[in-house]
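Content type PDB, C-alpha atoms, from the file work.pdb:
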ATOM      1  CA  MET A   4     114.807 110.306 101.207
ATOM      2  CA  THR A   5     111.949 108.786  99.259
ATOM      3  CA  ILE A   6     108.952 107.359 101.067
ATOM      4  CA  ALA A   7     106.909 106.511  97.981
ATOM      5  CA  GLY A   8     108.840 105.143  95.058
ATOM      6  CA  PRO A   9     108.290 102.884  92.091
ATOM      7  CA  LEU A  10     107.683  99.934  94.384
ATOM      8  CA  GLY A  11     105.111 101.715  96.536
ATOM      9  CA  PHE A  12     104.946 103.357  99.931
ATOM     10  CA  SER A  13     107.745 102.455 102.359
ATOM     11  CA  LEU A  14     108.630 103.525 105.882
ATOM     12  CA  ALA A  15     111.916 101.600 105.772
ATOM     13  CA  PRO A  16     114.195 104.668 105.443
ATOM     14  CA  LEU A  17     112.609 106.255 108.509
ATOM     15  CA  ILE A  18     112.787 103.054 110.550
ATOM     16  CA  ARG A  19     116.430 102.406 109.646
ATOM     17  CA  ARG A  20     117.395 105.862 110.893
ATOM     18  CA  SER A  21     115.800 105.356 114.299
ATOM     19  CA  ARG A  22     117.705 102.849 116.458
ATOM     20  CA  THR A  23     114.744 102.373 118.783
ATOM     21  CA  LEU A  24     112.223 101.684 116.024
ATOM     22  CA  TYR A  25     114.702  99.461 114.214
ATOM     23  CA  GLY A  26     115.339  97.463 117.401
ATOM     24  CA  TRP A  27     111.604  96.925 117.940
ATOM     25  CA  LEU A  28     110.602  96.202 114.354
ATOM     26  CA  LYS A  29     113.530  94.086 113.131
ATOM     27  CA  PRO A  30     112.385  90.927 115.026
ATOM     28  CA  VAL A  31     108.835  91.486 113.746
ATOM     29  CA  SER A  32     110.019  91.835 110.156
ATOM     30  CA  THR A  33     112.169  88.698 110.453
ATOM     31  CA  TRP A  34     109.211  86.785 111.890
ATOM     32  CA  TYR A  35     106.922  88.036 109.098
ATOM     33  CA  ALA A  36     109.383  87.041 106.366
ATOM     34  CA  ASN A  37     109.555  83.539 107.825
ATOM     35  CA  VAL A  38     105.766  83.246 108.169
ATOM     36  CA  ALA A  39     105.132  84.518 104.635
ATOM     37  CA  GLY A  40     106.344  81.161 103.338
ATOM     38  CA  TYR A  41     108.068  82.211 100.145
ATOM     39  CA  ARG A  42     111.481  81.169 101.484
ATOM     40  CA  GLN A  43     110.196  77.684 102.308
ATOM     41  CA  VAL A  44     109.517  77.043  98.610
ATOM     42  CA  GLY A  45     112.841  78.540  97.491
ATOM     43  CA  LEU A  46     111.706  81.984  96.307
ATOM     44  CA  LYS A  47     113.333  85.338  96.973
ATOM     45  CA  TYR A  48     111.481  88.531  97.884
ATOM     46  CA  ASP A  49     111.923  90.076  94.427
ATOM     47  CA  ASP A  50     110.294  87.004  92.867
ATOM     48  CA  LEU A  51     107.031  88.263  94.398
ATOM     49  CA  LEU A  52     106.973  91.542  92.436
ATOM     50  CA  VAL A  53     104.070  91.765  89.991
ATOM     51  CA  GLU A  54     105.493  91.050  86.541
ATOM     52  CA  GLU A  55     102.655  92.704  84.635
ATOM     53  CA  ARG A  56     103.808  96.200  85.582
ATOM     54  CA  PRO A  57     105.660  97.862  82.679
ATOM     55  CA  ASP A  58     108.615  98.942  84.826
ATOM     56  CA  VAL A  59     109.083  95.418  86.202
ATOM     57  CA  GLU A  60     108.837  93.958  82.687
ATOM     58  CA  ARG A  61     111.612  96.254  81.501
ATOM     59  CA  ALA A  62     113.676  95.480  84.598
ATOM     60  CA  LEU A  63     113.304  91.738  83.959
ATOM     61  CA  ALA A  64     114.699  92.256  80.475
ATOM     62  CA  ARG A  65     117.845  93.737  82.052
ATOM     63  CA  LEU A  66     118.668  90.694  84.157
ATOM     64  CA  THR A  67     121.788  88.764  83.287
ATOM     65  CA  PRO A  68     121.185  85.356  81.679
ATOM     66  CA  ARG A  69     122.269  83.648  84.912
ATOM     67  CA  GLU A  70     119.822  85.705  87.034
ATOM     68  CA  ALA A  71     117.002  85.009  84.567
ATOM     69  CA  TYR A  72     117.769  81.275  84.620
ATOM     70  CA  ASP A  73     117.915  81.197  88.422
ATOM     71  CA  ARG A  74     114.594  83.052  88.607
ATOM     72  CA  ALA A  75     112.921  80.593  86.220
ATOM     73  CA  PHE A  76     114.340  77.670  88.195
ATOM     74  CA  ARG A  77     113.013  79.092  91.479
ATOM     75  CA  PHE A  78     109.556  79.498  89.927
ATOM     76  CA  LYS A  79     109.528  75.952  88.571
ATOM     77  CA  ARG A  80     110.628  74.548  91.913
ATOM     78  CA  ALA A  81     108.023  76.632  93.779
ATOM     79  CA  SER A  82     105.316  75.490  91.348
ATOM     80  CA  GLN A  83     106.274  71.874  91.979
ATOM     81  CA  CYS A  84     106.048  72.473  95.743
ATOM     82  CA  SER A  85     102.627  74.029  95.250
ATOM     83  CA  ILE A  86     101.398  71.064  93.225
ATOM     84  CA  LEU A  87     102.658  68.633  95.860
ATOM     85  CA  HIS A  88     101.285  70.787  98.722
ATOM     86  CA  ASP A  89     104.664  70.516 100.421
ATOM     87  CA  ASN A  90     107.661  72.704 101.238
ATOM     88  CA  LEU A  91     111.252  72.060 100.282
ATOM     89  CA  PRO A  92     113.527  70.267 102.733
ATOM     90  CA  LYS A  93     114.818  72.733 105.309
ATOM     91  CA  ASP A  94     118.373  72.687 103.907
ATOM     92  CA  GLN A  95     117.025  73.941 100.533
ATOM     93  CA  TRP A  96     115.038  76.889 101.932
ATOM     94  CA  THR A  97     116.207  80.339 100.901
ATOM     95  CA  LYS A  98     118.363  81.632 103.736
ATOM     96  CA  PRO A  99     117.882  85.251 104.866
ATOM     97  CA  GLU A 100     121.423  86.159 103.742
ATOM     98  CA  GLU A 101     120.664  84.737 100.256
ATOM     99  CA  ASP A 102     117.408  86.704 100.010
ATOM    100  CA  VAL A 103     118.976  89.742  98.365
ATOM    101  CA  ARG A 104     117.157  92.246  96.196
ATOM    102  CA  TYR A 105     118.343  91.353  92.688
ATOM    103  CA  LEU A 106     115.482  92.976  90.756
ATOM    104  CA  THR A 107     114.677  96.061  92.849
ATOM    105  CA  PRO A 108     117.760  98.047  91.711
ATOM    106  CA  HIS A 109     116.773  97.468  88.078
ATOM    107  CA  VAL A 110     113.172  98.564  88.774
ATOM    108  CA  ARG A 111     114.396 101.742  90.471
ATOM    109  CA  GLU A 112     116.714 102.462  87.551
ATOM    110  CA  VAL A 113     113.825 102.047  85.103
ATOM    111  CA  GLU A 114     111.703 104.396  87.210
ATOM    112  CA  ARG A 115     114.474 107.014  87.273
ATOM    113  CA  GLU A 116     114.775 106.750  83.481
ATOM    114  CA  ASP A 117     111.009 107.181  83.117
ATOM    115  CA  LEU A 118     111.088 110.295  85.301
ATOM    116  CA  GLU A 119     113.993 111.721  83.303
ATOM    117  CA  ARG A 120     112.209 110.921  80.022
ATOM    118  CA  HIS A 121     109.063 112.642  81.326
ATOM    119  CA  LYS A 122     111.063 115.742  82.280
ATOM    120  CA  TRP A 123     112.662 115.904  78.845
ATOM    121  CA  ASP A 124     109.333 115.340  77.100
ATOM    122  CA  THR A 125     107.610 118.119  79.024
ATOM    123  CA  ILE A 126     110.415 120.642  79.034
ATOM    124  CA  ALA A 127     109.359 124.193  78.356
ATOM    125  CA  VAL A 128     111.693 125.861  75.869
ATOM    126  CA  GLU A 129     111.793 129.620  76.115
ATOM    127  CA  ARG A 130     113.215 132.014  73.609
ATOM    128  CA  ARG A 131     116.091 134.208  74.722
ATOM    129  CA  LYS A 132     115.381 137.883  74.797
TER
END
Show the structure stored in the file as structure tokens.
Amino acid sequence: MTIAGPLGFSLAPLIRRSRTLYGWLKPVSTWYANVAGYRQVGLKYDDLLVEERPDVERALARLTPREAYDRAFRFKRASQCSILHDNLPKDQWTKPEEDVRYLTPHVREVEREDLERHKWDTIAVERRK
């Protein structure tokens, strides 16, 4: 179980294991996701990751052409909503079941590769006796 990973500190694994905590916090997390407003302009959660981080940049390069196109389209549509100071019509909002993590697995894979590269770069070679 990892509490702090490439995407920062997270209590999610602990909360998911506890039925009581999960039951209390799930409605709060759903409410927060709706209040955050990114779904009302058509964005997904992974669209909010900071692109300037090296691991996210490398993960973005691994997206399929379709995922990259969809991401660019969501950003253009959200920018237009921002300019107009308006949200999308309710039928075009990102639904919770559509708000899947498409970039997070790639970021975690990049982080695992970086850790493996660091281990190989700092390996201590000892001579057999």
Problem set entry | Separation of CA of Ser13 in chain A from CA of Asp117 in chain A in Å |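 If I compute the distance from CA of Asp117 in chain A to CA of Ser13 in chain A, I get 20.1 Å.
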Problem set entry | Shell around range 65-78 of chain A at 10 Å using all atoms listed in the file, local window under 3 positions removed, as a ChimeraX atom specification | /A:44-47,49-50,59-62,81-84,105-106,109-110,113
Exercise. CA of Tyr35 in chain A to CA of Ser85 in chain A: how many Å, to one decimal?
Worked result: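 Between CA of Tyr35 in chain A and CA of Ser85 in chain A the gap is 20.2 Å.
Distance-wise, CA of Leu118 in chain A and CA of Glu54 in chain A end up 20.1 Å apart.
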Trp34 in chain A surroundings by all atoms listed in the file, 12 Å radius, close-in-sequence under 6 positions cut, as a CSV table (one decimal) with C-alpha atoms, in the frame of the given file:
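Produced file selection-v1.csv, reproduced below:
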chain,number,residue,atom,x,y,z
A,28,LEU,CA,110.6,96.2,114.4
A,40,GLY,CA,106.3,81.2,103.3
A,99,PRO,CA,117.9,85.3,104.9
Seminar exercise, completed: Using all atoms listed in the file, the best pick from A:Ser32, A:Gln43, A:Thr125, A:Thr107 as closest to Lys93 in chain A would be A:Gln43
